[in-house]
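*Asks:* model_30.csv (CSV, C-alpha atoms) pasted underneath:
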```csv
chain,number,residue,atom,x,y,z
A,1,MET,CA,-3.7,10.5,-4.1
A,2,LYS,CA,-4.2,7.3,-2.1
A,3,ARG,CA,-3.6,4.2,-4.2
A,4,ILE,CA,-2.9,1.5,-1.7
A,5,ILE,CA,-4.8,0.1,1.3
A,6,THR,CA,-3.0,-2.0,3.9
A,7,ILE,CA,-5.0,-3.9,6.4
A,8,SER,CA,-3.7,-5.3,9.7
A,9,ARG,CA,-6.2,-7.4,11.5
A,10,GLN,CA,-7.0,-9.4,14.5
A,11,PHE,CA,-7.6,-13.1,13.8
A,12,GLY,CA,-11.3,-13.7,13.1
A,13,SER,CA,-12.1,-10.0,12.7
A,14,GLY,CA,-13.0,-10.4,9.0
A,15,GLY,CA,-10.1,-8.2,7.9
A,16,ARG,CA,-9.1,-10.6,5.2
A,17,THR,CA,-12.7,-10.7,3.8
A,18,ILE,CA,-12.9,-6.9,4.0
A,19,GLY,CA,-9.7,-6.6,2.1
A,20,ALA,CA,-10.7,-9.0,-0.6
A,21,GLU,CA,-14.2,-7.4,-1.0
A,22,VAL,CA,-12.8,-3.8,-1.1
A,23,ALA,CA,-10.3,-4.8,-3.8
A,24,LYS,CA,-13.1,-6.4,-5.8
A,25,LYS,CA,-15.3,-3.4,-5.5
A,26,LEU,CA,-12.5,-1.0,-6.5
A,27,GLY,CA,-11.3,-3.3,-9.3
A,28,ILE,CA,-7.7,-3.4,-8.0
A,29,PRO,CA,-5.5,-6.4,-7.0
A,30,TYR,CA,-5.7,-8.0,-3.6
A,31,TYR,CA,-2.6,-9.5,-2.0
A,32,ASN,CA,-2.4,-11.9,0.9
A,33,HIS,CA,-1.4,-15.5,0.4
A,34,ASP,CA,-0.6,-14.6,-3.2
A,35,ILE,CA,2.4,-12.8,-1.8
A,36,ILE,CA,3.6,-16.0,-0.2
A,37,ALA,CA,3.3,-17.9,-3.4
A,38,ARG,CA,5.3,-15.3,-5.3
A,39,ALA,CA,7.8,-15.1,-2.5
A,40,SER,CA,8.3,-18.9,-2.6
A,41,GLU,CA,8.9,-18.9,-6.3
A,42,LYS,CA,11.5,-16.1,-5.9
A,43,ILE,CA,13.7,-18.0,-3.5
A,44,GLY,CA,13.0,-21.4,-5.0
A,45,LEU,CA,11.3,-22.8,-1.9
A,46,SER,CA,8.1,-24.7,-1.8
A,47,PRO,CA,4.9,-22.7,-0.8
A,48,GLU,CA,4.5,-25.1,2.2
A,49,TYR,CA,7.9,-24.2,3.5
A,50,ILE,CA,7.3,-20.5,3.1
A,51,GLU,CA,4.0,-20.6,4.8
A,52,LYS,CA,5.6,-22.4,7.7
A,53,ASN,CA,8.0,-19.6,8.2
A,54,SER,CA,5.6,-16.7,7.9
A,55,GLU,CA,3.2,-14.6,9.9
A,56,ASP,CA,0.4,-17.0,10.9
A,57,LYS,CA,1.8,-20.5,10.7
A,58,GLY,CA,4.6,-22.5,12.2
A,59,SER,CA,5.5,-25.2,14.7
A,60,ALA,CA,8.8,-25.8,16.4
A,61,SER,CA,10.6,-24.7,13.3
A,62,ASN,CA,8.7,-21.4,12.9
A,63,TRP,CA,10.1,-17.9,12.3
A,64,PHE,CA,10.3,-17.1,15.9
A,65,GLY,CA,12.3,-20.2,16.7
A,66,ASN,CA,14.5,-19.4,13.7
A,67,ALA,CA,14.8,-15.8,14.9
A,68,MET,CA,16.0,-17.1,18.3
A,69,ALA,CA,18.4,-19.5,16.6
A,70,ALA,CA,19.7,-16.6,14.5
A,71,MET,CA,20.9,-14.9,17.7
A,72,ASN,CA,23.5,-17.5,18.2
A,73,PRO,CA,27.1,-16.4,17.7
A,74,ILE,CA,27.7,-18.5,14.7
A,75,GLY,CA,25.5,-16.2,12.6
A,76,THR,CA,23.8,-18.6,10.3
A,77,ILE,CA,21.1,-17.2,8.0
A,78,ASN,CA,17.7,-18.1,9.4
A,79,ASN,CA,14.7,-19.2,7.4
A,80,GLY,CA,12.3,-16.7,9.0
A,81,ASP,CA,14.5,-13.7,8.1
A,82,LEU,CA,15.0,-14.9,4.6
A,83,VAL,CA,11.2,-15.2,4.1
A,84,TRP,CA,10.7,-11.8,5.7
A,85,ALA,CA,13.3,-10.1,3.4
A,86,THR,CA,11.8,-11.7,0.4
A,87,GLN,CA,8.2,-10.8,1.3
A,88,LYS,CA,9.3,-7.2,2.1
A,89,LYS,CA,10.8,-6.9,-1.4
A,90,ILE,CA,7.6,-8.3,-2.9
A,91,VAL,CA,5.3,-6.0,-0.9
A,92,GLU,CA,7.5,-3.0,-2.1
A,93,GLN,CA,7.2,-4.3,-5.7
A,94,VAL,CA,3.5,-4.8,-5.8
A,95,ALA,CA,3.0,-1.3,-4.2
A,96,ALA,CA,5.3,0.2,-6.9
A,97,GLU,CA,3.3,-1.6,-9.7
A,98,GLY,CA,0.0,0.2,-8.9
A,99,PRO,CA,-3.1,0.4,-6.8
A,100,CYS,CA,-3.8,-2.6,-4.6
A,101,VAL,CA,-5.0,-3.9,-1.2
A,102,ILE,CA,-2.5,-5.8,1.0
A,103,VAL,CA,-3.7,-7.7,4.0
A,104,GLY,CA,-1.2,-8.6,6.7
A,105,ARG,CA,2.6,-9.1,6.0
A,106,CYS,CA,3.4,-5.9,8.0
A,107,ALA,CA,2.7,-4.0,4.8
A,108,ASP,CA,1.8,-0.9,6.8
A,109,TYR,CA,5.3,-0.8,8.2
A,110,ILE,CA,7.1,-1.9,5.0
A,111,LEU,CA,5.3,0.9,3.1
A,112,LYS,CA,5.6,3.5,5.9
A,113,ASP,CA,7.6,6.0,3.8
A,114,ARG,CA,5.0,6.2,1.0
A,115,ASP,CA,2.4,8.9,1.2
A,116,ASP,CA,-0.2,7.1,-1.0
A,117,VAL,CA,-1.2,4.4,1.5
A,118,ILE,CA,-4.3,4.2,3.7
A,119,LYS,CA,-3.3,2.2,6.8
A,120,VAL,CA,-6.1,0.3,8.4
A,121,PHE,CA,-6.5,-1.9,11.5
A,122,VAL,CA,-9.5,-4.2,11.8
A,123,TYR,CA,-10.4,-5.5,15.3
A,124,ALA,CA,-13.5,-7.0,17.0
A,125,PRO,CA,-14.7,-8.2,20.4
A,126,LYS,CA,-13.6,-11.8,21.3
A,127,ALA,CA,-17.1,-13.3,21.2
A,128,PHE,CA,-17.6,-12.0,17.6
A,129,ARG,CA,-14.2,-13.4,16.5
A,130,ALA,CA,-14.7,-16.7,18.3
A,131,ASN,CA,-18.0,-17.2,16.4
A,132,ARG,CA,-16.5,-16.2,13.1
A,133,ILE,CA,-13.5,-18.5,13.2
A,134,VAL,CA,-15.7,-21.5,13.8
A,135,GLU,CA,-18.0,-20.4,11.1
A,136,ILE,CA,-15.2,-19.7,8.6
A,137,TYR,CA,-12.5,-22.2,9.4
A,138,GLY,CA,-14.7,-24.9,11.2
A,139,ALA,CA,-14.3,-26.2,14.7
A,140,THR,CA,-11.1,-27.8,15.9
A,141,ASP,CA,-10.0,-29.6,19.0
A,142,GLU,CA,-8.7,-26.3,20.3
A,143,MET,CA,-11.2,-24.0,21.9
A,144,PRO,CA,-11.9,-20.8,19.7
A,145,GLU,CA,-10.8,-18.5,22.5
A,146,LYS,CA,-7.5,-20.3,22.8
A,147,ARG,CA,-7.0,-20.2,19.0
A,148,LEU,CA,-7.7,-16.4,19.0
A,149,LYS,CA,-5.2,-15.9,21.8
A,150,ARG,CA,-2.5,-18.0,20.1
A,151,MET,CA,-2.9,-16.3,16.7
A,152,ASP,CA,-3.1,-12.8,18.1
A,153,LYS,CA,0.0,-13.4,20.2
A,154,ARG,CA,1.8,-14.8,17.2
A,155,ARG,CA,0.9,-11.8,15.0
A,156,ALA,CA,1.9,-9.4,17.7
A,157,ALA,CA,5.2,-11.1,18.3
A,158,TYR,CA,6.0,-11.3,14.5
A,159,TYR,CA,5.1,-7.6,14.1
A,160,ARG,CA,7.2,-6.5,17.1
A,161,TYR,CA,10.2,-8.6,16.0
A,162,TYR,CA,10.3,-7.2,12.4
A,163,THR,CA,9.0,-3.6,12.9
A,164,ASP,CA,10.1,-2.7,16.5
A,165,MET,CA,6.5,-1.3,16.9
A,166,GLU,CA,3.5,-2.5,18.8
A,167,TRP,CA,0.9,-4.3,16.7
A,168,GLY,CA,-2.6,-2.8,16.8
A,169,GLU,CA,-1.7,0.5,18.4
A,170,ALA,CA,-4.0,3.1,16.9
A,171,LYS,CA,-1.3,5.6,16.3
A,172,ASN,CA,0.3,3.4,13.6
A,173,TYR,CA,-2.9,3.5,11.5
A,174,ASP,CA,-5.0,6.1,9.7
A,175,LEU,CA,-8.2,4.4,11.0
A,176,CYS,CA,-9.2,1.5,13.1
A,177,LEU,CA,-12.5,-0.3,12.5
A,178,ASN,CA,-14.3,-2.5,15.0
A,179,SER,CA,-15.9,-4.9,12.5
A,180,GLY,CA,-18.0,-6.5,15.3
A,181,ALA,CA,-19.6,-3.2,16.1
A,182,LEU,CA,-19.8,-1.7,12.6
A,183,GLY,CA,-20.4,-4.9,10.6
A,184,ILE,CA,-18.2,-6.3,7.9
A,185,GLU,CA,-20.1,-4.6,5.1
A,186,LYS,CA,-20.0,-1.2,6.7
A,187,CYS,CA,-16.2,-1.5,7.1
A,188,GLU,CA,-16.0,-2.3,3.4
A,189,ASP,CA,-18.2,0.8,2.5
A,190,ILE,CA,-16.1,3.1,4.6
A,191,LEU,CA,-12.8,2.0,2.9
A,192,VAL,CA,-14.2,2.0,-0.6
A,193,ASP,CA,-15.6,5.5,-0.1
A,194,LEU,CA,-12.3,6.7,1.5
A,195,TYR,CA,-10.3,5.3,-1.3
A,196,LYS,CA,-12.4,7.0,-3.9
A,197,THR,CA,-12.6,10.4,-2.2
A,198,MET,CA,-9.3,10.9,-0.3
A,199,LYS,CA,-6.8,13.2,-2.0
B,1,MET,CA,-30.7,2.3,15.0
B,2,LYS,CA,-27.8,4.5,16.1
B,3,ARG,CA,-28.9,7.8,17.5
B,4,ILE,CA,-25.9,9.0,19.6
B,5,ILE,CA,-22.3,9.7,18.7
B,6,THR,CA,-19.7,9.9,21.5
B,7,ILE,CA,-16.3,11.3,20.8
B,8,SER,CA,-13.2,10.8,22.9
B,9,ARG,CA,-10.3,12.8,21.6
B,10,GLN,CA,-6.6,13.6,22.1
B,11,PHE,CA,-6.0,17.2,22.9
B,12,GLY,CA,-5.5,19.2,19.6
B,13,SER,CA,-6.8,16.4,17.4
B,14,GLY,CA,-9.8,18.4,16.3
B,15,GLY,CA,-12.3,16.0,17.9
B,16,ARG,CA,-14.3,18.9,19.4
B,17,THR,CA,-14.5,20.6,16.0
B,18,ILE,CA,-15.5,17.3,14.4
B,19,GLY,CA,-18.2,16.7,17.0
B,20,ALA,CA,-19.7,20.2,16.6
B,21,GLU,CA,-19.7,20.0,12.8
B,22,VAL,CA,-21.1,16.5,12.6
B,23,ALA,CA,-24.0,17.6,15.0
B,24,LYS,CA,-24.6,20.7,12.8
B,25,LYS,CA,-24.7,18.6,9.6
B,26,LEU,CA,-27.0,16.1,11.2
B,27,GLY,CA,-29.2,18.7,12.8
B,28,ILE,CA,-28.9,17.2,16.2
B,29,PRO,CA,-27.7,18.7,19.6
B,30,TYR,CA,-24.0,18.9,20.4
B,31,TYR,CA,-22.9,18.6,24.1
B,32,ASN,CA,-19.5,19.5,25.5
B,33,HIS,CA,-19.1,22.6,27.7
B,34,ASP,CA,-22.9,22.9,27.7
B,35,ILE,CA,-22.9,19.8,29.9
B,36,ILE,CA,-20.7,21.6,32.4
B,37,ALA,CA,-23.1,24.6,32.5
B,38,ARG,CA,-26.1,22.4,33.0
B,39,ALA,CA,-24.3,20.4,35.7
B,40,SER,CA,-23.3,23.5,37.5
B,41,GLU,CA,-26.9,24.7,37.6
B,42,LYS,CA,-28.1,21.4,38.9
B,43,ILE,CA,-25.9,21.4,42.0
B,44,GLY,CA,-26.0,25.1,42.5
B,45,LEU,CA,-22.3,25.7,41.9
B,46,SER,CA,-20.7,28.3,39.7
B,47,PRO,CA,-19.6,27.2,36.2
B,48,GLU,CA,-16.1,28.3,37.1
B,49,TYR,CA,-16.1,25.9,40.0
B,50,ILE,CA,-17.4,23.0,38.0
B,51,GLU,CA,-14.9,23.5,35.2
B,52,LYS,CA,-12.1,23.5,37.7
B,53,ASN,CA,-13.1,20.1,38.9
B,54,SER,CA,-13.8,18.4,35.6
B,55,GLU,CA,-11.9,16.6,32.8
B,56,ASP,CA,-9.6,19.2,31.3
B,57,LYS,CA,-9.0,21.9,33.9
B,58,GLY,CA,-7.7,22.1,37.4
B,59,SER,CA,-4.9,23.2,39.6
B,60,ALA,CA,-3.9,22.0,43.0
B,61,SER,CA,-7.6,21.8,43.9
B,62,ASN,CA,-8.4,19.6,40.9
B,63,TRP,CA,-10.5,16.4,40.7
B,64,PHE,CA,-7.4,14.3,41.0
B,65,GLY,CA,-6.3,16.1,44.1
B,66,ASN,CA,-9.8,15.7,45.4
B,67,ALA,CA,-9.9,12.1,44.5
B,68,MET,CA,-6.7,11.5,46.5
B,69,ALA,CA,-8.1,13.5,49.4
B,70,ALA,CA,-11.3,11.4,49.3
B,71,MET,CA,-9.2,8.3,50.1
B,72,ASN,CA,-8.6,9.7,53.6
B,73,PRO,CA,-10.3,7.8,56.4
B,74,ILE,CA,-12.5,10.7,57.3
B,75,GLY,CA,-14.5,10.0,54.2
B,76,THR,CA,-15.5,13.5,53.2
B,77,ILE,CA,-17.4,14.0,49.9
B,78,ASN,CA,-15.0,15.3,47.4
B,79,ASN,CA,-15.8,17.9,44.8
B,80,GLY,CA,-14.4,15.9,41.8
B,81,ASP,CA,-16.7,13.0,42.5
B,82,LEU,CA,-19.7,15.2,43.0
B,83,VAL,CA,-19.1,16.9,39.6
B,84,TRP,CA,-18.6,13.4,38.1
B,85,ALA,CA,-21.8,12.0,39.5
B,86,THR,CA,-23.7,15.1,38.3
B,87,GLN,CA,-22.2,15.1,34.8
B,88,LYS,CA,-22.9,11.3,34.5
B,89,LYS,CA,-26.6,11.9,35.3
B,90,ILE,CA,-26.7,14.7,32.8
B,91,VAL,CA,-25.0,12.6,30.0
B,92,GLU,CA,-27.6,9.9,30.7
B,93,GLN,CA,-30.4,12.4,30.6
B,94,VAL,CA,-29.4,14.1,27.3
B,95,ALA,CA,-28.9,10.6,25.7
B,96,ALA,CA,-32.4,9.6,26.9
B,97,GLU,CA,-33.8,12.9,25.4
B,98,GLY,CA,-32.9,12.0,21.8
B,99,PRO,CA,-30.2,12.0,19.1
B,100,CYS,CA,-27.0,14.0,19.9
B,101,VAL,CA,-23.3,14.2,19.7
B,102,ILE,CA,-21.3,14.2,23.0
B,103,VAL,CA,-17.7,15.1,23.1
B,104,GLY,CA,-15.6,14.0,26.1
B,105,ARG,CA,-17.0,13.6,29.6
B,106,CYS,CA,-16.4,9.8,29.4
B,107,ALA,CA,-19.7,9.6,27.6
B,108,ASP,CA,-18.7,6.4,25.8
B,109,TYR,CA,-18.3,4.7,29.2
B,110,ILE,CA,-21.3,6.3,30.8
B,111,LEU,CA,-23.5,5.1,27.9
B,112,LYS,CA,-21.8,1.7,27.4
B,113,ASP,CA,-25.0,-0.3,28.1
B,114,ARG,CA,-27.0,1.5,25.3
B,115,ASP,CA,-26.9,-0.2,21.9
B,116,ASP,CA,-27.7,3.0,19.9
B,117,VAL,CA,-24.3,4.7,20.4
B,118,ILE,CA,-21.5,5.0,17.9
B,119,LYS,CA,-18.3,5.3,20.0
B,120,VAL,CA,-15.5,7.2,18.3
B,121,PHE,CA,-11.9,8.0,19.3
B,122,VAL,CA,-10.1,10.8,17.4
B,123,TYR,CA,-6.3,11.0,17.5
B,124,ALA,CA,-3.5,12.5,15.5
B,125,PRO,CA,0.3,12.7,15.3
B,126,LYS,CA,2.0,15.0,17.8
B,127,ALA,CA,3.2,17.5,15.2
B,128,PHE,CA,-0.3,17.9,13.8
B,129,ARG,CA,-1.7,18.5,17.3
B,130,ALA,CA,1.1,20.9,18.3
B,131,ASN,CA,0.4,23.1,15.2
B,132,ARG,CA,-3.3,22.9,15.8
B,133,ILE,CA,-3.4,24.0,19.4
B,134,VAL,CA,-1.3,27.1,18.7
B,135,GLU,CA,-3.5,27.9,15.8
B,136,ILE,CA,-6.8,27.4,17.7
B,137,TYR,CA,-5.9,28.4,21.3
B,138,GLY,CA,-2.9,30.7,20.6
B,139,ALA,CA,0.6,30.4,21.9
B,140,THR,CA,1.4,30.3,25.6
B,141,ASP,CA,4.6,30.3,27.7
B,142,GLU,CA,4.3,26.6,27.8
B,143,MET,CA,5.7,24.7,24.8
B,144,PRO,CA,3.0,23.0,22.6
B,145,GLU,CA,4.5,19.6,23.1
B,146,LYS,CA,4.4,20.0,26.9
B,147,ARG,CA,0.8,21.2,26.8
B,148,LEU,CA,-0.2,18.1,24.7
B,149,LYS,CA,1.6,15.8,27.1
B,150,ARG,CA,0.0,17.4,30.2
B,151,MET,CA,-3.5,17.4,28.7
B,152,ASP,CA,-3.4,13.8,27.4
B,153,LYS,CA,-2.0,12.6,30.7
B,154,ARG,CA,-4.8,14.4,32.5
B,155,ARG,CA,-7.5,13.0,30.3
B,156,ALA,CA,-6.0,9.5,30.6
B,157,ALA,CA,-5.9,9.7,34.4
B,158,TYR,CA,-9.4,11.1,34.6
B,159,TYR,CA,-10.8,8.4,32.3
B,160,ARG,CA,-8.9,5.6,34.2
B,161,TYR,CA,-10.0,6.9,37.6
B,162,TYR,CA,-13.7,7.0,36.7
B,163,THR,CA,-14.0,4.1,34.3
B,164,ASP,CA,-11.3,1.6,35.3
B,165,MET,CA,-10.4,1.3,31.6
B,166,GLU,CA,-7.6,2.6,29.5
B,167,TRP,CA,-8.3,5.8,27.6
B,168,GLY,CA,-7.7,5.6,23.8
B,169,GLU,CA,-7.6,1.8,23.6
B,170,ALA,CA,-9.1,0.8,20.2
B,171,LYS,CA,-11.2,-2.0,21.7
B,172,ASN,CA,-13.3,0.5,23.7
B,173,TYR,CA,-14.5,2.2,20.5
B,174,ASP,CA,-16.4,1.4,17.3
B,175,LEU,CA,-13.9,3.3,15.2
B,176,CYS,CA,-10.8,5.3,15.7
B,177,LEU,CA,-9.9,8.1,13.3
B,178,ASN,CA,-6.5,9.7,12.7
B,179,SER,CA,-7.5,13.2,12.0
B,180,GLY,CA,-4.0,14.1,11.0
B,181,ALA,CA,-3.8,11.5,8.3
B,182,LEU,CA,-7.5,11.6,7.1
B,183,GLY,CA,-8.1,15.3,7.6
B,184,ILE,CA,-10.8,16.9,9.8
B,185,GLU,CA,-13.4,17.1,7.1
B,186,LYS,CA,-13.0,13.5,6.0
B,187,CYS,CA,-13.5,12.4,9.6
B,188,GLU,CA,-16.7,14.5,9.7
B,189,ASP,CA,-17.9,12.9,6.4
B,190,ILE,CA,-17.2,9.3,7.7
B,191,LEU,CA,-19.3,10.0,10.9
B,192,VAL,CA,-22.2,11.7,9.1
B,193,ASP,CA,-22.4,8.9,6.6
B,194,LEU,CA,-22.1,6.2,9.4
B,195,TYR,CA,-24.8,7.9,11.4
B,196,LYS,CA,-27.2,8.1,8.4
B,197,THR,CA,-26.6,4.5,7.2
B,198,MET,CA,-26.0,2.3,10.3
B,199,LYS,CA,-28.8,0.2,11.5
```
Let me see whether you can do it: turn the structure in this file into structure tokens.
*Replies:*
Amino acid sequence: MKRIITISRQFGSGGRTIGAEVAKKLGIPYYNHDIIARASEKIGLSPEYIEKNSEDKGSASNWFGNAMAAMNPIGTINNGDLVWATQKKIVEQVAAEGPCVIVGRCADYILKDRDDVIKVFVYAPKAFRANRIVEIYGATDEMPEKRLKRMDKRRAAYYRYYTDMEWGEAKNYDLCLNSGALGIEKCEDILVDLYKTMK
Amino acid sequence: MKRIITISRQFGSGGRTIGAEVAKKLGIPYYNHDIIARASEKIGLSPEYIEKNSEDKGSASNWFGNAMAAMNPIGTINNGDLVWATQKKIVEQVAAEGPCVIVGRCADYILKDRDDVIKVFVYAPKAFRANRIVEIYGATDEMPEKRLKRMDKRRAAYYRYYTDMEWGEAKNYDLCLNSGALGIEKCEDILVDLYKTMK
């Protein structure tokens, strides 16, 4: 019996929207930034601090910089790894609590030993994603194509660093959906139906 | 309106079975080896000869050998390219004729400029495929894992040679289905439903 859906997604592909809508239609919890909030409480750090050290955000003091710093011989605990370890525990915890949809956070990897998980990757052509990020997040000084490249690169590096696997490789997922070709709603329908019917 | 389903598939993933069953359930034609037969008639060669020069089969005198030979400065027409050109025309022709399911033959690439095609890639874990090929095709002297590797390598090289794209990369498809994780029947259901409901 499948109880959990994990969604990895390219930036701007609509994976987050799909996850939230699927959870709503199935009447089960949806985790994304909520996990960050819960993680931040756990280790007594501010949500802003956690966010800066997680998957999508970060400046000079991001998880990757921290990860690099952690390789120094002095062996200090780095902030990125602390956030990772805490988020990993929380992903495991919400999965143990019951049915849910989890977007991002390498949840597919963290829950890889469970057999009740449907692992999904959502992707889309660059033009579709460029339009969508401007529509959803608004325009910025940075060109949409450059934003996409930066975010995808970041997610791929984060995933590779913590999982030792390649982000977005079909073999790591049960199904991969091209939201640009299929449409956001059709992706939602496929997942809702799959969740309801898969043994 | 989507009228055509193309299926690329890893050897042993059940993609061929899925294609045939989906076509049957939808009541539309299914093309696979039929295309070879039609191609062979077109150019007046025996089916055996055509098969030897196409996607899955071949020995020393296969399409790849021919392709290499074609690079010589004498510029002879090579058999592999002749078969490719003929099959390409026939794929275009059956697509123009009406709704259908086409398995293999780089049909996704050949029909890339049509907007009525659902492009599917079917894959599965090695263990699933190894079991399946022994079950379907019987055991041979060659170990199943070695057969898988040889066939996948061959399909990838064929695809790359004729399309200049990488075989099995998610971005070339509308959806990618892990038949080992989802089950053959569930993959069929997803495609039948998609075909019936996608605009």
*Asks:* Report as a list in words the set of chain A residues whose atoms approach chain B to within 8 Å, with distances computed over all atoms listed in the file.
*Replies:* Tyr123, Ala124, Pro125, Glu169, Ala170, Lys171, Tyr173, Asp174, Leu175, Cys176, Leu177, Asn178, Ser179, Ala181, Leu182, Lys186, Ile190 and Met198 of chain A
*Asks:* Can you pull out every residue within 9 Å of B:Ala107, counting only C-alpha atoms, but drop anything in the same chain fewer than 6 positions away, and send it as a list in words?
*Replies:* Thr6, Ile7, Ser8, Lys88, Val91, Glu92 and Lys119 of chain B
*Asks:* One number please: atom CA of A:Ala20 to atom CA of A:Cys100, in Å, one decimal.
*Replies:*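 So the two atoms, atom CA of A:Ala20 and atom CA of A:Cys100, lie 10.2 Å apart.
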*Asks:* Which one is closest to A:Val83: A:Gly15, A:Gly27, A:Arg105, A:Tyr195? Count only C-alpha atoms.
*Replies:*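 Closest to A:Val83, using only C-alpha atoms: A:Arg105.
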*Asks:* When distances are computed from all atoms listed in the file, which of A:Ala95, A:Ala127, A:Val192, A:Ala23 shows the smallest separation from A:Pro144?
*Replies:*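 Closest to A:Pro144 of all the choices is A:Ala127.
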*Asks:* Take atom CA of B:Gly80 and atom CA of B:Arg9 and report the distance between them in Å, one decimal.
*Replies:*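 Those two atoms sit 20.8 Å apart.
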*Asks:* So that I can see what lies close to stretch 150-163 of chain A, please list as a count of residues only the residues with an atom at most 7 Å from it, counting all atoms listed in the file and leaving out residues fewer than 3 positions away in the same chain.
*Replies:* 10
*Asks:* Calculate how many Å separate atom CA of B:Lys2 from atom CA of B:Val117, rounding to one decimal.
*Replies:*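 That distance, rounded to one decimal, is 5.5 Å.
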